[in-house]
Structure formats: structure tokens, C-alpha cells
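Participant: If it helps, the file is called final_25.txt and holds compact mmCIF, C-alpha atoms:
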# COMPACT_ATOMS: atom_id res chain seq x y z
CA MET S 1 19.83 137.62 51.10
CA ALA S 2 17.20 135.58 49.31
CA LYS S 3 19.84 133.12 48.16
CA PHE S 4 21.09 132.70 51.71
CA VAL S 5 17.62 132.01 53.04
CA SER S 6 17.01 129.54 50.23
CA ARG S 7 20.24 127.70 50.94
CA LEU S 8 19.48 127.68 54.65
CA LEU S 9 16.04 126.20 54.08
CA THR S 10 17.51 123.62 51.73
CA GLY S 11 20.09 122.67 54.36
CA LEU S 12 17.46 122.39 57.04
CA VAL S 13 15.35 120.16 54.81
CA VAL S 14 18.34 117.92 54.09
CA VAL S 15 19.19 117.67 57.78
CA ALA S 16 15.56 116.91 58.61
CA VAL S 17 15.36 114.21 55.92
CA VAL S 18 18.63 112.64 57.05
CA GLY S 19 17.55 112.72 60.68
CA LEU S 20 14.17 111.27 59.87
CA GLY S 21 15.78 108.52 57.81
CA TYR S 22 18.20 107.67 60.58
CA TRP S 23 15.35 107.56 63.08
CA ALA S 24 13.30 105.30 60.82
CA TYR S 25 16.30 103.03 60.28
CA ALA S 26 16.98 102.83 64.02
CA LYS S 27 13.32 102.10 64.77
CA TRP S 28 12.29 99.71 62.01
CA VAL S 29 15.41 98.43 60.27
CA TYR S 30 18.28 98.24 62.70
CA VAL S 31 18.34 95.13 64.88
CA GLU S 32 20.66 94.97 67.84
CA PRO S 33 22.91 91.92 67.45
CA MET S 34 22.60 88.98 69.83
CA PRO S 35 25.13 88.86 72.69
CA ASP S 36 28.34 86.99 72.06
CA GLY S 37 27.92 83.32 72.96
CA LEU S 38 24.39 82.95 71.54
CA ILE S 39 23.34 81.61 68.16
CA LEU S 40 19.96 82.52 66.72
CA ALA S 41 18.05 80.09 64.50
CA ASN S 42 14.51 79.24 63.54
CA GLY S 43 12.52 76.33 62.14
CA ARG S 44 9.47 74.18 62.79
CA ILE S 45 8.71 71.81 65.61
CA GLU S 46 8.78 68.22 64.45
CA GLY S 47 8.59 64.74 65.92
CA ASP S 48 9.69 61.27 64.92
CA GLU S 49 6.79 59.53 63.21
CA ILE S 50 5.70 56.20 64.66
CA THR S 51 3.88 53.75 62.42
CA ALA S 52 1.06 51.54 63.67
CA ALA S 53 0.97 48.52 61.37
CA THR S 54 -0.83 45.19 61.26
CA LYS S 55 0.98 41.90 61.70
CA LEU S 56 -1.70 39.93 59.87
CA PRO S 57 -3.72 40.39 56.70
CA GLY S 58 -7.44 41.04 56.95
CA ARG S 59 -10.41 43.26 56.20
CA CYS S 60 -10.91 46.41 58.24
CA LYS S 61 -14.00 46.10 60.43
CA ALA S 62 -13.88 49.35 62.41
CA ILE S 63 -11.81 52.52 62.81
CA HIS S 64 -11.93 54.35 66.14
CA VAL S 65 -9.76 57.43 65.51
CA ARG S 66 -9.34 60.20 62.98
CA GLU S 67 -6.44 62.34 61.87
CA GLY S 68 -5.66 64.90 64.54
CA ASP S 69 -6.91 62.76 67.42
CA ILE S 70 -4.70 62.54 70.48
CA VAL S 71 -4.24 58.95 71.64
CA GLU S 72 -2.65 57.19 74.59
CA THR S 73 -0.34 54.20 74.54
CA GLY S 74 -2.31 51.01 73.92
CA GLN S 75 -5.47 52.82 72.81
CA LEU S 76 -7.52 50.92 70.25
CA LEU S 77 -7.17 52.45 66.78
CA ALA S 78 -8.80 49.95 64.44
CA GLU S 79 -10.08 46.37 64.23
CA LEU S 80 -9.83 43.72 61.54
CA GLU S 81 -12.47 41.05 61.01
CA ASP S 82 -11.88 38.00 63.24
CA ASN S 83 -15.00 35.83 62.88
CA GLN S 84 -13.08 32.68 61.97
CA LEU S 85 -10.61 33.27 64.76
CA GLN S 86 -13.43 33.68 67.26
CA ALA S 87 -14.81 30.30 66.21
CA LYS S 88 -11.36 28.74 66.64
CA LEU S 89 -11.11 30.38 70.04
CA ARG S 90 -14.39 28.82 71.18
CA GLN S 91 -13.21 25.44 69.89
CA SER S 92 -9.90 25.73 71.69
CA GLU S 93 -11.65 26.77 74.91
CA GLN S 94 -13.81 23.64 74.71
CA ALA S 95 -10.67 21.56 74.25
CA VAL S 96 -9.21 23.18 77.35
CA ASN S 97 -12.40 22.43 79.32
CA ALA S 98 -12.42 18.78 78.19
CA ALA S 99 -8.77 18.25 79.05
CA SER S 100 -9.28 19.99 82.40
CA ALA S 101 -12.23 17.70 83.22
CA GLN S 102 -10.11 14.62 82.47
CA LEU S 103 -7.34 16.00 84.61
CA ARG S 104 -9.67 16.63 87.54
CA ALA S 105 -11.12 13.09 87.29
CA SER S 106 -7.66 11.58 87.17
CA GLN S 107 -6.52 13.69 90.13
CA THR S 108 -9.56 12.57 92.13
CA ALA S 109 -8.80 8.92 91.36
CA LEU S 110 -5.18 9.45 92.37
CA GLU S 111 -6.19 11.05 95.65
CA LEU S 112 -8.50 8.09 96.35
CA LEU S 113 -5.72 5.60 95.61
CA GLU S 114 -3.28 7.52 97.79
CA TYR S 115 -5.82 7.19 100.61
CA GLU S 116 -6.90 3.59 100.02
CA VAL S 117 -3.58 1.90 99.23
CA PRO S 118 -1.87 2.65 102.58
CA LEU S 119 -4.97 1.37 104.38
CA MET S 120 -5.03 -1.80 102.29
CA ILE S 121 -1.31 -2.39 102.89
CA ALA S 122 -1.68 -1.82 106.62
CA SER S 123 -4.67 -4.19 106.77
CA ALA S 124 -2.80 -6.86 104.78
CA GLN S 125 0.27 -6.52 106.99
CA ALA S 126 -1.93 -6.97 110.05
CA GLY S 127 -3.42 -10.08 108.42
CA VAL S 128 0.07 -11.49 107.82
CA GLU S 129 1.07 -10.84 111.41
CA HIS S 130 -2.11 -12.52 112.64
CA ALA S 131 -1.55 -15.53 110.36
CA LYS S 132 2.02 -15.83 111.62
CA ALA S 133 0.80 -15.81 115.21
CA VAL S 134 -1.84 -18.45 114.45
CA LEU S 135 0.78 -20.59 112.72
CA GLU S 136 3.18 -20.31 115.65
CA LYS S 137 0.38 -21.30 118.01
CA ALA S 138 -0.60 -24.25 115.79
CA ARG S 139 3.00 -25.44 115.57
CA ALA S 140 3.39 -25.22 119.33
CA ALA S 141 0.14 -27.14 119.80
CA ALA S 142 1.27 -29.72 117.24
CA ASP S 143 4.61 -30.22 118.99
CA GLN S 144 2.85 -30.70 122.31
CA ALA S 145 0.34 -33.09 120.73
CA ASN S 146 3.14 -35.18 119.21
CA ARG S 147 4.91 -35.45 122.53
CA ASP S 148 1.63 -36.39 124.26
CA ALA S 149 0.91 -39.00 121.59
CA GLU S 150 4.34 -40.61 122.02
CA ARG S 151 4.01 -40.65 125.80
CA PHE S 152 0.42 -41.94 125.84
CA THR S 153 1.26 -44.58 123.25
CA ASP S 154 4.16 -45.81 125.39
CA LEU S 155 1.98 -45.90 128.50
CA ALA S 156 -0.77 -47.78 126.65
CA GLU S 157 1.73 -50.40 125.42
CA ARG S 158 2.85 -50.91 128.99
CA GLY S 159 -0.72 -51.23 130.10
CA THR S 160 -0.53 -48.25 132.40
CA ILE S 161 -3.40 -46.57 130.65
CA GLN S 162 -6.13 -47.85 128.42
CA GLN S 163 -5.46 -48.36 124.74
CA ARG S 164 -8.22 -45.88 123.94
CA GLU S 165 -6.37 -43.01 125.61
CA GLY S 166 -3.33 -43.68 123.42
CA GLU S 167 -5.47 -43.63 120.30
CA GLN S 168 -7.03 -40.34 121.38
CA ALA S 169 -3.58 -38.83 121.92
CA ARG S 170 -2.47 -39.93 118.43
CA LEU S 171 -5.67 -38.52 116.94
CA ALA S 172 -5.08 -35.17 118.70
CA ALA S 173 -1.57 -35.06 117.25
CA THR S 174 -2.95 -35.64 113.77
CA VAL S 175 -5.50 -32.85 114.23
CA ALA S 176 -2.77 -30.52 115.48
CA ARG S 177 -0.65 -31.25 112.41
CA ASN S 178 -3.65 -30.47 110.21
CA ASP S 179 -4.13 -27.18 112.08
CA VAL S 180 -0.52 -26.30 111.26
CA ARG S 181 -1.12 -26.93 107.58
CA VAL S 182 -4.29 -24.79 107.72
CA ALA S 183 -2.37 -21.99 109.49
CA GLU S 184 0.42 -22.19 106.89
CA ALA S 185 -2.16 -21.90 104.11
CA ALA S 186 -3.75 -18.92 105.86
CA LEU S 187 -0.33 -17.23 106.17
CA ASN S 188 0.32 -17.86 102.48
CA ARG S 189 -3.02 -16.24 101.58
CA ALA S 190 -2.26 -13.27 103.87
CA GLU S 191 1.17 -12.79 102.28
CA LYS S 192 -0.36 -12.88 98.79
CA LYS S 193 -2.96 -10.34 99.89
CA LEU S 194 -0.16 -8.13 101.23
CA ALA S 195 1.71 -8.42 97.94
CA GLU S 196 -1.46 -7.52 96.10
CA ALA S 197 -2.01 -4.53 98.37
CA GLN S 198 1.57 -3.41 97.80
CA LEU S 199 0.85 -3.36 94.06
CA GLY S 200 -1.26 -0.31 94.91
CA ASN S 201 1.96 1.72 94.93
CA ARG S 202 2.43 0.82 91.29
CA ARG S 203 -1.15 1.80 90.61
CA ILE S 204 -0.45 5.12 92.31
CA ALA S 205 2.64 5.60 90.15
CA ALA S 206 0.68 4.76 87.01
CA LYS S 207 -2.13 7.09 87.99
CA THR S 208 0.43 9.82 88.73
CA GLU S 209 1.83 9.44 85.23
CA GLU S 210 -1.71 9.60 83.89
CA VAL S 211 -2.31 12.83 85.80
CA GLU S 212 0.88 14.30 84.35
CA ALA S 213 -0.20 13.24 80.87
CA TYR S 214 -3.57 14.95 81.32
CA ARG S 215 -1.83 18.00 82.74
CA ALA S 216 0.36 18.13 79.62
CA GLN S 217 -2.77 17.88 77.49
CA VAL S 218 -4.29 20.80 79.39
CA SER S 219 -1.10 22.84 78.87
CA GLN S 220 -1.13 21.99 75.18
CA ALA S 221 -4.78 22.97 74.86
CA GLU S 222 -4.16 26.21 76.74
CA ALA S 223 -1.19 27.00 74.52
CA ALA S 224 -3.37 26.48 71.43
CA ARG S 225 -6.05 28.70 72.93
CA ASP S 226 -3.51 31.40 73.84
CA GLU S 227 -2.11 31.27 70.31
CA VAL S 228 -5.56 31.92 68.88
CA GLN S 229 -6.17 34.68 71.42
CA THR S 230 -2.85 36.30 70.52
CA THR S 231 -3.83 36.21 66.87
CA ILE S 232 -7.15 37.84 67.73
CA ASP S 233 -5.30 40.51 69.72
CA ASP S 234 -3.11 41.15 66.68
CA MET S 235 -6.29 41.92 64.72
CA ARG S 236 -6.82 44.86 67.09
CA ILE S 237 -4.48 47.69 66.10
CA THR S 238 -3.40 49.75 69.11
CA ALA S 239 -1.29 52.87 69.51
CA PRO S 240 2.39 51.98 70.06
CA ALA S 241 2.92 55.30 71.89
CA ALA S 242 1.07 58.36 73.06
CA GLY S 243 0.77 61.13 70.50
CA ILE S 244 -1.34 62.63 67.73
CA ILE S 245 -2.59 60.80 64.67
CA THR S 246 -1.00 62.53 61.68
CA THR S 247 -1.97 60.13 58.90
CA LYS S 248 -4.72 57.53 58.46
CA LEU S 249 -3.98 55.05 55.69
CA ILE S 250 -7.02 52.76 55.87
CA GLU S 251 -10.79 52.87 55.54
CA VAL S 252 -13.49 50.50 56.76
CA GLY S 253 -13.96 47.59 54.36
CA GLU S 254 -10.47 47.73 52.88
CA THR S 255 -8.31 44.61 52.87
CA VAL S 256 -4.76 45.05 54.08
CA ALA S 257 -1.71 42.82 53.76
CA ALA S 258 0.48 41.70 56.62
CA GLY S 259 2.85 44.44 57.73
CA SER S 260 0.83 47.22 56.09
CA PRO S 261 1.08 50.61 57.86
CA LEU S 262 -2.34 51.81 58.97
CA PHE S 263 -1.64 54.94 61.01
CA GLU S 264 1.21 57.34 61.60
CA LEU S 265 1.49 59.33 64.79
CA VAL S 266 3.93 61.63 66.55
CA ASP S 267 4.87 61.30 70.20
CA PHE S 268 4.21 64.64 71.95
CA ASP S 269 6.80 63.84 74.61
CA ARG S 270 9.62 63.45 72.07
CA LEU S 271 9.39 66.62 69.98
CA TYR S 272 12.30 68.59 68.61
CA LEU S 273 12.90 71.83 66.75
CA LYS S 274 14.80 71.40 63.51
CA VAL S 275 16.84 74.51 62.73
CA TYR S 276 19.58 75.40 60.28
CA VAL S 277 22.83 76.95 61.48
CA PRO S 278 25.14 78.82 59.06
CA GLU S 279 28.38 77.15 58.08
CA VAL S 280 30.46 79.84 59.80
CA GLN S 281 28.81 79.13 63.15
CA ILE S 282 28.48 75.35 63.09
CA GLY S 283 31.94 74.88 64.63
CA ARG S 284 30.70 76.45 67.85
CA LEU S 285 28.02 73.82 68.39
CA ARG S 286 28.31 70.45 70.08
CA ARG S 287 25.84 67.95 71.40
CA GLY S 288 24.54 68.68 74.87
CA LEU S 289 24.47 72.48 74.55
CA LYS S 290 21.42 74.14 76.06
CA ALA S 291 18.91 76.16 74.06
CA GLN S 292 15.68 78.04 74.55
CA ILE S 293 12.77 77.83 72.15
CA TYR S 294 10.24 80.63 71.59
CA THR S 295 6.90 80.37 69.77
CA ASP S 296 4.34 82.94 68.69
CA ALA S 297 1.71 81.07 70.69
CA PHE S 298 3.74 81.52 73.90
CA PRO S 299 5.98 84.57 73.26
CA ASP S 300 6.86 85.08 76.94
CA ARG S 301 7.35 81.42 77.77
CA PRO S 302 10.66 79.94 76.60
CA PHE S 303 10.96 76.16 76.46
CA SER S 304 14.25 74.55 77.36
CA ALA S 305 15.89 72.22 74.85
CA THR S 306 19.17 70.42 74.24
CA VAL S 307 21.25 70.05 71.10
CA GLY S 308 20.91 66.37 70.25
CA TYR S 309 21.81 66.11 66.58
CA ILE S 310 24.15 68.00 64.26
CA SER S 311 24.20 67.09 60.60
CA SER S 312 27.57 66.09 59.17
CA ARG S 313 26.72 67.51 55.75
CA ALA S 314 25.98 71.05 54.69
CA GLU S 315 23.05 71.96 52.45
CA PHE S 316 21.69 75.04 50.76
CA THR S 317 19.45 77.22 52.88
CA PRO S 318 15.82 75.98 52.64
CA LYS S 319 13.39 78.60 51.36
CA GLU S 320 11.30 78.60 54.54
CA VAL S 321 14.32 79.17 56.80
CA GLN S 322 15.25 82.67 57.95
CA THR S 323 18.85 83.61 58.78
CA PRO S 324 20.29 86.88 60.10
CA ASP S 325 22.58 87.08 57.08
CA GLU S 326 20.67 86.39 53.91
CA ARG S 327 23.98 85.97 52.09
CA VAL S 328 24.46 82.65 53.90
CA LYS S 329 24.10 79.86 51.38
CA LEU S 330 25.30 76.72 53.19
CA VAL S 331 23.75 75.63 56.49
CA TYR S 332 23.75 72.56 58.72
CA ALA S 333 20.62 70.93 60.10
CA VAL S 334 20.51 70.83 63.89
CA LYS S 335 17.86 69.18 66.07
CA LEU S 336 17.03 70.74 69.44
CA PHE S 337 15.21 68.16 71.54
CA LEU S 338 12.70 69.62 73.96
CA ASP S 339 13.42 68.74 77.58
CA GLU S 340 9.68 68.60 78.23
CA ASN S 341 6.38 69.50 76.64
CA PRO S 342 4.13 70.60 79.52
CA ASP S 343 0.45 69.90 78.94
CA HIS S 344 1.43 68.94 75.36
CA CYS S 345 1.04 72.60 74.42
CA LEU S 346 3.61 72.33 71.62
CA THR S 347 2.57 70.41 68.53
CA PRO S 348 4.32 69.39 65.31
CA GLY S 349 4.29 72.02 62.59
CA MET S 350 4.50 75.04 64.89
CA PRO S 351 7.10 77.62 63.76
CA ALA S 352 9.56 78.58 66.47
CA ASP S 353 12.75 80.53 67.10
CA ALA S 354 15.69 79.13 69.02
CA VAL S 355 18.53 80.67 70.98
CA ILE S 356 21.46 78.30 71.41
CA ARG S 357 24.05 79.15 74.06
CA TRP S 358 27.56 78.00 73.25
CA LYS S 359 29.22 80.12 75.97
CA GLU S 360 28.16 79.32 79.51
CA ASP S 361 28.47 82.92 80.72
CA ALA S 362 26.35 84.37 77.90
CA PRO S 363 23.08 85.87 79.22
CA TRP S 364 19.87 84.41 77.84
CA THR S 365 18.23 86.87 75.44
CA PRO S 366 14.99 86.50 73.48
CA PRO S 367 15.51 86.22 69.72
CA ARG S 368 15.95 89.46 67.79
CA TRP S 369 15.60 89.36 64.03
Kindly present the structure from the file in C-alpha cells form.
Facilitator:
Amino acid sequence: MAKFVSRLLTGLVVVAVVGLGYWAYAKWVYVEPMPDGLILANGRIEGDEITAATKLPGRCKAIHVREGDIVETGQLLAELEDNQLQAKLRQSEQAVNAASAQLRASQTALELLEYEVPLMIASAQAGVEHAKAVLEKARAAADQANRDAERFTDLAERGTIQQREGEQARLAATVARNDVRVAEAALNRAEKKLAEAQLGNRRIAAKTEEVEAYRAQVSQAEAARDEVQTTIDDMRITAPAAGIITTKLIEVGETVAAGSPLFELVDFDRLYLKVYVPEVQIGRLRRGLKAQIYTDAFPDRPFSATVGYISSRAEFTPKEVQTPDERVKLVYAVKLFLDENPDHCLTPGMPADAVIRWKEDAPWTPPRW
């Protein structure tokens, strides 16, 4: 009887130990597999680094950001010394002002010529017309005087009139002929004055060319000024994109060469999760598949992502990467690009889990490791 009780107790203890072990395994060890159509992976959130470099050599005058600062596109990061360039800028601005003053003076002279020349031509043309009329009148008077002189001379020779009246008629004809010559000379002077007035058009053309020459000088001076200003702007290093400063490679007082990288930053709107997928599962993936990303900071808030890159070469499992089957040795790098990063809550370096759906009818399930 004692042996029976002993064996019974031993059996009960064995059953209890087995049951307890099974319960512990089911509670703490056993992990329910992911539904068919989903691939589980993990990694760290990363972003493509953008380098802010200088185009020109110089000495650093000021730095306005530190590592970890969040910057916007175009925000000033650092400045290089530009004292000599500022002096050149002032000189070029003075050249622009001088050329502009010459241009304005030339334009004023041109406007005056364009107003005066038509008036002078019109006045000269009127003078020519008047001289022509005077000449016609003098010629008519001369013709009449000649006829009167012939007639009065004939009458005087016949004794019809006194000899004196014939002489007066001949004298009047002579005066009339002299008036014609005076009128012809006046017409000649009026025509020369008209020709001189018409030369004003050439003066206008010459002044127009002068204005264009001054305008070209202004454009040249402005181009030189803009070139100096562009060089000064290049001495101000700005953020090429919005993101976070990850690396600062310069200090105040240091001299940098042209093309030297000064800052590195990551764009928060172009983050991705780099995961590693086992070799046996990589054939199920293709670009464009949807995924959900989970982080410890937001455990109940999945972030949508898209498969955008699949490595063409396998590699050994990195030490920091976790896989469901630790026997997996070869994996492929896959990048899951975040569709959005609301409020920039996700940052580079954050660990995250990913669920990639390669079957459209597979239900989304949080990661289970």
C-alpha cells in the first residue's frame, strides 16, 4: 500500500511538472506564427544623408546650428568671411550708379532732341514755303515790270509820254529783277536751314545709339554686381532640404577648401526602415508592396510604408537584426519607404518592426516575435 501511494504521488508530481512546463512554454515561449501572406522583419529607421557644402574656399565666420537641430529648407547654417567681397560689391554698386546716371542724362538729351527736331524741321519747311511764295511774287512783279518798261520805252520814243516816265519804268524793272535775286537767295538760305534741321534726325539716331551704349554699360555693371552678390551668397551656407543636422564638420575660425562638406542632415520627409528578409522569403517580395511599421514609441500606431528597394545580393545576418528563425544565415536588405512622417515624430536611429503584406487578402496583424 505504501508503495502504491508513493508511486501515485510521484505520478502526480510528474504530471504537475509537465503541465506547469507546458503552461510556461505556452505563456512565455510559444509565439503564434504570423498569418500566411505576411512577412515579419525589423531594423532601424534611416534616411538618406544630404551634405551641405561650400562652393568657395574661406574662413568660417559664424555657425548658427548644432548637431540635432531641426532646420528648414534654405535656413542659414554658417557664414564664411566676405569682407573683400563686400568691398567689391560696394564698388560695383557705384559703377552701376555712375552708368545709370549717364544713361539718364543721355535719355533726357534724346527726349529733348525728339521734341526739338520736329519743331525745327517744321519751322524750316514753313520758311522754305514762305521763301518760295516771296520768290514767285518777285518773279511775277519782275515780269510785269519788264513788260511795263518795254511799253513805256516805246511810248517815250514815239513822244507819247515823257522820256522821264520811260526811264522810271526801266528803273522799276531793274529793281524788280533785283528783288527776284534777293528772293532766290532767301529761298536758298531757307532750303539750307531745312537741310540743317533735317540733320536733327541723324542726331537723334546718334543719340539713340549712345543711349543703347549706356544701357549696355548699365547691364554690364549690373551683371558684375550680381556676380559679386552671388559670390557673397555662396559664402552663406544654407540647408539644401528640411531635416535634422546629424553631423557638423566645421568650427568657427577654420579655413575650408572649395567643395568641402560642412554639415550632414537627414530629410524627415524621406525616411525609410531598412530591414533584412531571409533568403527563403525574398522571392515573395516585389517593389510596391505595402507594409506597416511599428515602433516602441508608438506601439498602437502603425505607420504605412512601401517596399522601394530590394537588394540584389545576399549577406550574412547582421548582429543587431532579429529574425524569427535564428538558423537563418543569409538575408537580403530591403528598404521600406514611409508614406508619410506626421509631425516628424519618427527620427533616424529609432528601432522598429515591420509587417510586409505580400498577399492582398492577408489580414494586417501586429508583429509577434
Participant: My list of candidates is S:Val275, S:Ala41, S:Leu289, S:Ala78. Which is closest to Glu254 (chain S) when distances are computed with all atoms listed in the file?
Facilitator: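 Using all atoms listed in the file, the shortest distance to Glu254 (chain S) belongs to S:Ala78.
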Participant: With a distance cut-off of 9 Å and all atoms listed in the file, select the neighbouring residues of region 59-61 of chain S, excluding the residue or stretch itself and same-chain residues fewer than 4 positions from it, and output the selection as a PyMOL selection string.
Facilitator: chain S and resi 78-82+250-256
Participant: Would you kindly return, as a PyMOL selection string, each protein, DNA or RNA residue with an atom no farther than 8 Å from any atom of Leu40 (chain S), considering all atoms listed in the file and excluding same-chain residues fewer than 5 positions away?
Facilitator: chain S and resi 34+324+353-356+367
Participant: Based on the selection just made, write C-alpha atoms of those residues as an mmCIF file, in the coordinates of the input.
Facilitator:
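The result, stored in result.cif:
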data_model
loop_
_atom_site.group_PDB
_atom_site.id
_atom_site.type_symbol
_atom_site.label_atom_id
_atom_site.label_comp_id
_atom_site.auth_asym_id
_atom_site.auth_seq_id
_atom_site.Cartn_x
_atom_site.Cartn_y
_atom_site.Cartn_z
ATOM 1 C CA MET S 34 22.600 88.980 69.830
ATOM 2 C CA PRO S 324 20.290 86.880 60.100
ATOM 3 C CA ASP S 353 12.750 80.530 67.100
ATOM 4 C CA ALA S 354 15.690 79.130 69.020
ATOM 5 C CA VAL S 355 18.530 80.670 70.980
ATOM 6 C CA ILE S 356 21.460 78.300 71.410
ATOM 7 C CA PRO S 367 15.510 86.220 69.720
#
Participant: Separation of CA of Glu315 (chain S) and CA of Pro278 (chain S), in Å?
Facilitator: 9.8 Å
Participant: Could you check the closest approach to Arg357 (chain S) for each of S:Thr238, S:Pro318, S:Asp36, S:Arg170 and tell me which residue wins, using all atoms listed in the file?
Facilitator: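 Closest candidate: S:Asp36.
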Participant: To one decimal place in Å, what is the distance between CA of Arg215 (chain S) and CA of Ala99 (chain S)?
Facilitator: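 Atom-to-atom, CA of Arg215 (chain S) to CA of Ala99 (chain S), that is 7.9 Å.
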Participant: Identify, on the basis of all atoms listed in the file, every residue whose closest approach to Glu150 (chain S) does not exceed 10 Å; exclude the query and any residue fewer than 3 positions from it along the same chain; express the result as a list in words.
Facilitator: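 In the requested form, the answer reads Ala145, Asn146, Arg147, Thr153, Asp154, Leu155, Ala156, Gly166, Ala169, Arg170 and Ala173 of chain S.
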Participant: Determine the nearest neighbour of Asp148 (chain S) from the options S:Glu165, S:Glu210, S:Asp361, S:Asp48, counting only C-alpha atoms.
Facilitator: S:Glu165
Participant: Can you measure CA of Thr317 (chain S) to CA of Tyr332 (chain S) for me? One decimal in Å is fine.
Facilitator: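 Between CA of Thr317 (chain S) and CA of Tyr332 (chain S) the gap is 8.6 Å.
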Participant: Excluding region 88-95 of chain S and residues on its chain fewer than 3 positions from it, collect all residues at most 10 Å away from it, counting all atoms listed in the file, and give them as a PDB file with C-alpha atoms, keeping the file's coordinate frame.
Facilitator:
ATOM      1  CA  ASP S  82     -11.880  38.000  63.240  1.00  0.00           C
ATOM      2  CA  ASN S  83     -15.000  35.830  62.880  1.00  0.00           C
ATOM      3  CA  GLN S  84     -13.080  32.680  61.970  1.00  0.00           C
ATOM      4  CA  LEU S  85     -10.610  33.270  64.760  1.00  0.00           C
ATOM      5  CA  ALA S  98     -12.420  18.780  78.190  1.00  0.00           C
ATOM      6  CA  ALA S  99      -8.770  18.250  79.050  1.00  0.00           C
ATOM      7  CA  SER S 100      -9.280  19.990  82.400  1.00  0.00           C
ATOM      8  CA  ALA S 101     -12.230  17.700  83.220  1.00  0.00           C
ATOM      9  CA  GLN S 217      -2.770  17.880  77.490  1.00  0.00           C
ATOM     10  CA  VAL S 218      -4.290  20.800  79.390  1.00  0.00           C
ATOM     11  CA  GLN S 220      -1.130  21.990  75.180  1.00  0.00           C
ATOM     12  CA  ALA S 221      -4.780  22.970  74.860  1.00  0.00           C
ATOM     13  CA  GLU S 222      -4.160  26.210  76.740  1.00  0.00           C
ATOM     14  CA  ALA S 223      -1.190  27.000  74.520  1.00  0.00           C
ATOM     15  CA  ALA S 224      -3.370  26.480  71.430  1.00  0.00           C
ATOM     16  CA  ARG S 225      -6.050  28.700  72.930  1.00  0.00           C
ATOM     17  CA  ASP S 226      -3.510  31.400  73.840  1.00  0.00           C
ATOM     18  CA  GLU S 227      -2.110  31.270  70.310  1.00  0.00           C
ATOM     19  CA  VAL S 228      -5.560  31.920  68.880  1.00  0.00           C
ATOM     20  CA  GLN S 229      -6.170  34.680  71.420  1.00  0.00           C
ATOM     21  CA  THR S 231      -3.830  36.210  66.870  1.00  0.00           C
ATOM     22  CA  ILE S 232      -7.150  37.840  67.730  1.00  0.00           C
TER      23      ILE S 232
END
Participant: Extract, using only C-alpha atoms, all DNA, RNA and protein residues at most 10 Å from Pro342 (chain S), discarding same-chain residues fewer than 6 positions from it, and format them as an mmCIF file with C-alpha atoms, keeping the file's coordinate frame.
Facilitator:
data_model
loop_
_atom_site.group_PDB
_atom_site.id
_atom_site.type_symbol
_atom_site.label_atom_id
_atom_site.label_comp_id
_atom_site.auth_asym_id
_atom_site.auth_seq_id
_atom_site.Cartn_x
_atom_site.Cartn_y
_atom_site.Cartn_z
ATOM 1 C CA PHE S 268 4.210 64.640 71.950
ATOM 2 C CA ASP S 269 6.800 63.840 74.610
ATOM 3 C CA PHE S 303 10.960 76.160 76.460
#
Participant: Using all atoms listed in the file for the distances, tell me which of S:Pro33, S:Gly127, S:Pro348, S:Gly68 is nearest to Ile244 (chain S).
Facilitator: S:Gly68
Participant: With only C-alpha atoms as the basis for distance, which of S:Glu167, S:Leu110, S:Ala142, S:Arg151 is at the shortest distance from Ala205 (chain S)?
Facilitator: S:Leu110
Participant: With distances taken over all atoms listed in the file, which of S:Lys193, S:Ala213, S:Ala138, S:Thr247 is nearest to Asn178 (chain S)?
Facilitator: S:Ala138
Participant: Using only the atoms of region 146-156 of chain S listed in the file, plus 3 Å on each side, state the axis-aligned box centre and edge lengths in Å rounded to one decimal, as lines of an AutoDock Vina configuration file.
Facilitator:
center_x = 2.1
center_y = -41.5
center_z = 123.9
size_x = 11.7
size_y = 18.6
size_z = 15.3
